[in-house]
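Asks: Take this structure, written in structure tokens, and hold onto it; I'll ask about it next.
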Amino acid sequence: MDFDQFTAKIIDALKLRLLQDGDEAVIRTDKVLKNNGVELTAINICCDHSDVCPTVYLEPFYREYEQGMDISDLAGEILKLHAERNTQRLLSIEKVLDESDVMDNIILRLVNRSKNSKLLQEIPYIEFKDLAITFRRLICMDADGMATSVVSMDDMRRWNVNIDVMFRKALENTERIFPASCKNVFEALNDRYSFDMPDVSAESDDDLYVLTNEYGINGAASILYSGALKKCADIVDDDIYILPSSIHEVLFIKVHSGHSIDYLKELVSEANRSVVTPMDYLSDSVYIYYKESGELMEVSDT
């Protein structure tokens with residue numbers, strides 16, 4: 001069964017489940033363009049008692065179907081997830097439409113420029129090396145996560161703001177809401193997975209460090225923060241190579257670590273091919289930050 005047939009079967013199964021439970025709802029599907037040109041299929045189950053429909057993406061459920069899970073069971077999982085999201089975050093239309101403090105909640109996101117060429121035709125952005133600085137509106141943020149929306153050209157016109165002013169405000173907001181976090185890679189891994197960490201009290205020349213934000217979400221944008229890269233260079237007391245790990249973080253290592261540029265580029269490329277998801281991909285490039293001049297450059301091919 002291909003994906004389109006699966007989608008039709010899931011919709012039928014959802015309708016049957018809702019009918020059995022005595023619930024009335026409108027089920028809609030739509031294609032949503034995500035980061036790096038990845039297109040996902042969103043399903044919305046809109047009930048009479050709610051003014052906002054949580055979005056559930058079908059692709060993960062299709063993978064479970066391919067691994068042998070029954071359509072009826074998958075429909076139950078989708079309804080369960082839908083109910084949980086309705087309970088976790090009651091995001092009202094009023095909250096979405098309230099733009100009274102909008103300029104205090106515009107934030108930055110750093111993405112690959114080439115892979116987002118279609119999206120970038122429709123939204124404001126600033127070129128940054130081979131990347132693009134894009135803007136999002138933070139609608140709400142709590143223990144269950146956060147809700148954001150992409151800032152469009154129409155948004156800018158409605159708010160009567162130009163891109164330079166919006167960038168300055170968004171950078172200020174992002175630094176405030178998502179403070180930078182810089183750690184040795186072993187410390188960062190220990191924070192995430194709680195494994196037995198090697199002794200990193202004595203730093204070595206080939207130590208890798210992670211630069212992100214305190215939430216680990218869209219943390220690659222922290223390289224834009226005022227003084228962030230200088231602090232990173234001060235940690236290793238050297239110029240630094242910056243390796244884009246994903247849209248959520250970058251790695252850095254001192255220039256005089258003994259590793260060649262070719263090795264570092266291959267390291268980034270291999271990680272992007274084997275570990276990083278298509279939506280989280282940032283770049284295959286390696287960048288260099290010069291401690292004395294404060295200049296950031298893309299490393300040319302050798």
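In the structure tokens, chains take the letters A, B, ... in the order shown, each chain's residues start at 1, and ligands count up from 1 in the order shown.
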Might you pull out every residue within 9 Å of A:Ile240, with only C-alpha atoms counted and same-chain residues fewer than 3 positions away left off, and present them as a PDB file with C-alpha atoms, in the first residue's frame?
Replies:
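The result, stored in out-v7.pdb:
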```pdb
ATOM      1  CA  LEU A 229      31.775  33.133  19.030  1.00  0.00           C
ATOM      2  CA  CYS A 232      33.897  30.087  22.269  1.00  0.00           C
ATOM      3  CA  ALA A 233      37.308  31.106  20.917  1.00  0.00           C
ATOM      4  CA  VAL A 236      40.139  27.186  23.573  1.00  0.00           C
ATOM      5  CA  ASP A 237      42.367  30.283  23.316  1.00  0.00           C
ATOM      6  CA  PHE A 252      33.535  23.904  17.324  1.00  0.00           C
ATOM      7  CA  ILE A 253      37.164  22.926  17.690  1.00  0.00           C
ATOM      8  CA  LYS A 254      40.367  24.944  17.911  1.00  0.00           C
ATOM      9  CA  VAL A 255      42.083  25.569  14.569  1.00  0.00           C
ATOM     10  CA  HIS A 256      45.403  24.188  15.809  1.00  0.00           C
ATOM     11  CA  TYR A 287      33.414  27.858   8.929  1.00  0.00           C
ATOM     12  CA  ILE A 288      36.338  29.557  10.613  1.00  0.00           C
ATOM     13  CA  TYR A 289      36.150  32.285  13.240  1.00  0.00           C
ATOM     14  CA  TYR A 290      39.195  34.465  13.748  1.00  0.00           C
ATOM     15  CA  LYS A 291      39.584  35.385  17.380  1.00  0.00           C
TER      16      LYS A 291
END
```
Asks: Select from stretch 5-175 of chain A everything DSSP, run on the backbone, classes as helix (DSSP H, G or I), then give the selection as an MDAnalysis selection string.
Replies: chainID A and resid 5:21 35:37 59:66 71:88 93:97 102:104 117:120 153:159 163:175
Asks: Skipping near chain neighbours, those fewer than 3 positions away, what residues fall within 12 Å of A:Glu172 using only C-alpha atoms, listed as a PyMOL selection string?
Replies: chain A and resi 103-108+165-169+175-179+222+224-226
Asks: For A:Lys15, which residue among A:Ile78, A:Leu251, A:Asp239, A:Ser293 is the nearest when counting only C-alpha atoms?
Replies: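 With only C-alpha atoms as the atom set, the closest residue is A:Ile78.
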Asks: I'd like to know which residues of stretch 87-251 of chain A are strand (DSSP E or B) (by DSSP, run on the backbone); could you write them as a ChimeraX atom specification?
Replies: /A:106-112,125-128,131-142,145-150,180-184,209-213,240-246,249-251
Asks: Counting only C-alpha atoms, figure out which residue out of A:Val276, A:Val102, A:Val250, A:Val268 gets nearest to A:Trp159.
Replies: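 Using only C-alpha atoms, the shortest distance to A:Trp159 belongs to A:Val102.
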Asks: Name the residues in contact with A:Ala221 at a cut-off of 8 Å, using only C-alpha atoms, excluding same-chain residues fewer than 5 positions from it; report them as a ChimeraX atom specification.
Replies: /A:108-110,212,247-249
Asks: Name all residues at most 9 Å from A:Ser114 (count only C-alpha atoms; drop same-chain ones fewer than 2 positions away) and give them as a list of chain:residue names.
Replies: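 Neighbouring residues, sequence-local ones excluded: A:Asn36, A:Asn112, A:Asn116, A:Ser117, A:Lys118, A:Asp130, A:Leu131, A:Ala132.
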Asks: Excluding A:Ile10 and residues on its chain fewer than 3 positions from it, collect all residues at most 9 Å away from it, counting only C-alpha atoms, and give them as a PyMOL selection string.
Replies: chain A and resi 5-7+13-15+71-72+74-75
Asks: Could you dump the residues just selected with all heavy atoms as a PDB file, in the first residue's frame?
Replies:
```pdb
ATOM      1  N   GLN A   5      -2.706   5.741  -0.520  1.00  0.00           N
ATOM      2  CA  GLN A   5      -3.711   4.736  -0.151  1.00  0.00           C
ATOM      3  C   GLN A   5      -3.788   4.605   1.374  1.00  0.00           C
ATOM      4  O   GLN A   5      -4.882   4.468   1.940  1.00  0.00           O
ATOM      5  CB  GLN A   5      -3.350   3.391  -0.785  1.00  0.00           C
ATOM      6  CG  GLN A   5      -3.483   3.378  -2.299  1.00  0.00           C
ATOM      7  CD  GLN A   5      -2.899   2.106  -2.910  1.00  0.00           C
ATOM      8  OE1 GLN A   5      -1.882   1.582  -2.455  1.00  0.00           O
ATOM      9  NE2 GLN A   5      -3.557   1.595  -3.952  1.00  0.00           N
ATOM     10  N   PHE A   6      -2.631   4.662   2.009  1.00  0.00           N
ATOM     11  CA  PHE A   6      -2.581   4.602   3.477  1.00  0.00           C
ATOM     12  C   PHE A   6      -3.358   5.765   4.081  1.00  0.00           C
ATOM     13  O   PHE A   6      -4.135   5.590   5.029  1.00  0.00           O
ATOM     14  CB  PHE A   6      -1.123   4.624   3.938  1.00  0.00           C
ATOM     15  CG  PHE A   6      -0.949   4.864   5.409  1.00  0.00           C
ATOM     16  CD1 PHE A   6      -1.122   3.832   6.324  1.00  0.00           C
ATOM     17  CD2 PHE A   6      -0.597   6.119   5.888  1.00  0.00           C
ATOM     18  CE1 PHE A   6      -0.969   4.048   7.688  1.00  0.00           C
ATOM     19  CE2 PHE A   6      -0.426   6.345   7.252  1.00  0.00           C
ATOM     20  CZ  PHE A   6      -0.618   5.309   8.148  1.00  0.00           C
ATOM     21  N   THR A   7      -3.151   6.969   3.535  1.00  0.00           N
ATOM     22  CA  THR A   7      -3.844   8.156   4.052  1.00  0.00           C
ATOM     23  C   THR A   7      -5.358   7.988   3.962  1.00  0.00           C
ATOM     24  O   THR A   7      -6.091   8.297   4.914  1.00  0.00           O
ATOM     25  CB  THR A   7      -3.408   9.413   3.271  1.00  0.00           C
ATOM     26  OG1 THR A   7      -1.984   9.579   3.393  1.00  0.00           O
ATOM     27  CG2 THR A   7      -4.102  10.659   3.791  1.00  0.00           C
ATOM     28  N   ALA A  13     -10.641   4.940   8.831  1.00  0.00           N
ATOM     29  CA  ALA A  13     -10.571   4.324  10.161  1.00  0.00           C
ATOM     30  C   ALA A  13     -10.850   5.350  11.253  1.00  0.00           C
ATOM     31  O   ALA A  13     -11.502   5.042  12.256  1.00  0.00           O
ATOM     32  CB  ALA A  13      -9.191   3.691  10.362  1.00  0.00           C
ATOM     33  N   LEU A  14     -10.376   6.578  11.066  1.00  0.00           N
ATOM     34  CA  LEU A  14     -10.629   7.648  12.044  1.00  0.00           C
ATOM     35  C   LEU A  14     -12.121   7.988  12.095  1.00  0.00           C
ATOM     36  O   LEU A  14     -12.695   8.161  13.176  1.00  0.00           O
ATOM     37  CB  LEU A  14      -9.812   8.886  11.686  1.00  0.00           C
ATOM     38  CG  LEU A  14      -8.309   8.808  11.927  1.00  0.00           C
ATOM     39  CD1 LEU A  14      -7.601  10.008  11.304  1.00  0.00           C
ATOM     40  CD2 LEU A  14      -8.002   8.743  13.421  1.00  0.00           C
ATOM     41  N   LYS A  15     -12.729   8.085  10.925  1.00  0.00           N
ATOM     42  CA  LYS A  15     -14.168   8.384  10.871  1.00  0.00           C
ATOM     43  C   LYS A  15     -14.979   7.307  11.584  1.00  0.00           C
ATOM     44  O   LYS A  15     -15.927   7.598  12.316  1.00  0.00           O
ATOM     45  CB  LYS A  15     -14.619   8.516   9.402  1.00  0.00           C
ATOM     46  CG  LYS A  15     -14.137   9.783   8.717  1.00  0.00           C
ATOM     47  CD  LYS A  15     -14.592   9.814   7.261  1.00  0.00           C
ATOM     48  CE  LYS A  15     -14.147  11.097   6.581  1.00  0.00           C
ATOM     49  NZ  LYS A  15     -14.520  11.119   5.138  1.00  0.00           N
ATOM     50  N   ILE A  71      -3.953  -0.830  10.730  1.00  0.00           N
ATOM     51  CA  ILE A  71      -4.542   0.482  10.443  1.00  0.00           C
ATOM     52  C   ILE A  71      -5.440   0.953  11.581  1.00  0.00           C
ATOM     53  O   ILE A  71      -5.392   2.104  12.015  1.00  0.00           O
ATOM     54  CB  ILE A  71      -5.354   0.446   9.125  1.00  0.00           C
ATOM     55  CG1 ILE A  71      -4.428   0.355   7.917  1.00  0.00           C
ATOM     56  CG2 ILE A  71      -6.247   1.679   8.994  1.00  0.00           C
ATOM     57  CD1 ILE A  71      -3.743   1.643   7.535  1.00  0.00           C
ATOM     58  N   SER A  72      -6.278   0.051  12.094  1.00  0.00           N
ATOM     59  CA  SER A  72      -7.199   0.419  13.176  1.00  0.00           C
ATOM     60  C   SER A  72      -6.442   0.846  14.433  1.00  0.00           C
ATOM     61  O   SER A  72      -6.818   1.820  15.096  1.00  0.00           O
ATOM     62  CB  SER A  72      -8.124  -0.755  13.496  1.00  0.00           C
ATOM     63  OG  SER A  72      -8.997  -0.428  14.553  1.00  0.00           O
ATOM     64  N   LEU A  74      -3.413   2.086  14.483  1.00  0.00           N
ATOM     65  CA  LEU A  74      -2.774   3.371  14.180  1.00  0.00           C
ATOM     66  C   LEU A  74      -3.769   4.521  14.317  1.00  0.00           C
ATOM     67  O   LEU A  74      -3.427   5.598  14.815  1.00  0.00           O
ATOM     68  CB  LEU A  74      -2.181   3.352  12.765  1.00  0.00           C
ATOM     69  CG  LEU A  74      -0.905   2.518  12.598  1.00  0.00           C
ATOM     70  CD1 LEU A  74      -0.568   2.361  11.126  1.00  0.00           C
ATOM     71  CD2 LEU A  74       0.262   3.163  13.343  1.00  0.00           C
ATOM     72  N   ALA A  75      -5.005   4.295  13.870  1.00  0.00           N
ATOM     73  CA  ALA A  75      -6.046   5.320  14.025  1.00  0.00           C
ATOM     74  C   ALA A  75      -6.269   5.624  15.494  1.00  0.00           C
ATOM     75  O   ALA A  75      -6.435   6.785  15.897  1.00  0.00           O
ATOM     76  CB  ALA A  75      -7.341   4.860  13.371  1.00  0.00           C
TER      77      ALA A  75
END
```
Asks: With only C-alpha atoms as the atoms that count, which of A:Arg17, A:Thr134, A:Glu59, A:Tyr209 lies nearest to A:Val38?
Replies: A:Glu59
Asks: What gap, in Å, lies between atom CA of A:Lys34 and atom CA of A:Leu296?
Replies: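 Taking atom CA of A:Lys34 and atom CA of A:Leu296, their separation equals 28.0 Å.
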Asks: Atom CA of A:Ser300 to atom CA of A:Glu270: how many Å, to one decimal?
Replies: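 The value is 18.3 Å.
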Asks: Please measure the separation of atom CA of A:Leu208 and atom CA of A:Val275, giving the value in Å to one decimal.
Replies: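 Calculated distance between atom CA of A:Leu208 and atom CA of A:Val275 is 17.4 Å.
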Asks: Using only C-alpha atoms, which residue out of A:Lys115, A:Lys9, A:Lys95, A:Arg28 lies closest to A:Met279?
Replies: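 Closest to A:Met279, using only C-alpha atoms: A:Lys115.
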Asks: Point out the residue among A:Asp23, A:Asp2, A:Glu84, A:Asp12 with the least atom-to-atom distance to A:Cys46, counting only C-alpha atoms.
Replies: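 Looking at the shortest contact to A:Cys46, the residue is A:Asp23.
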Asks: Of the candidates A:Ile223, A:Met297, A:Ala25, A:Ala170, which shows the shortest atom-to-atom distance to A:Lys129, using only C-alpha atoms?
Replies: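 Counting only C-alpha atoms, the residue closest to A:Lys129 is A:Met297.
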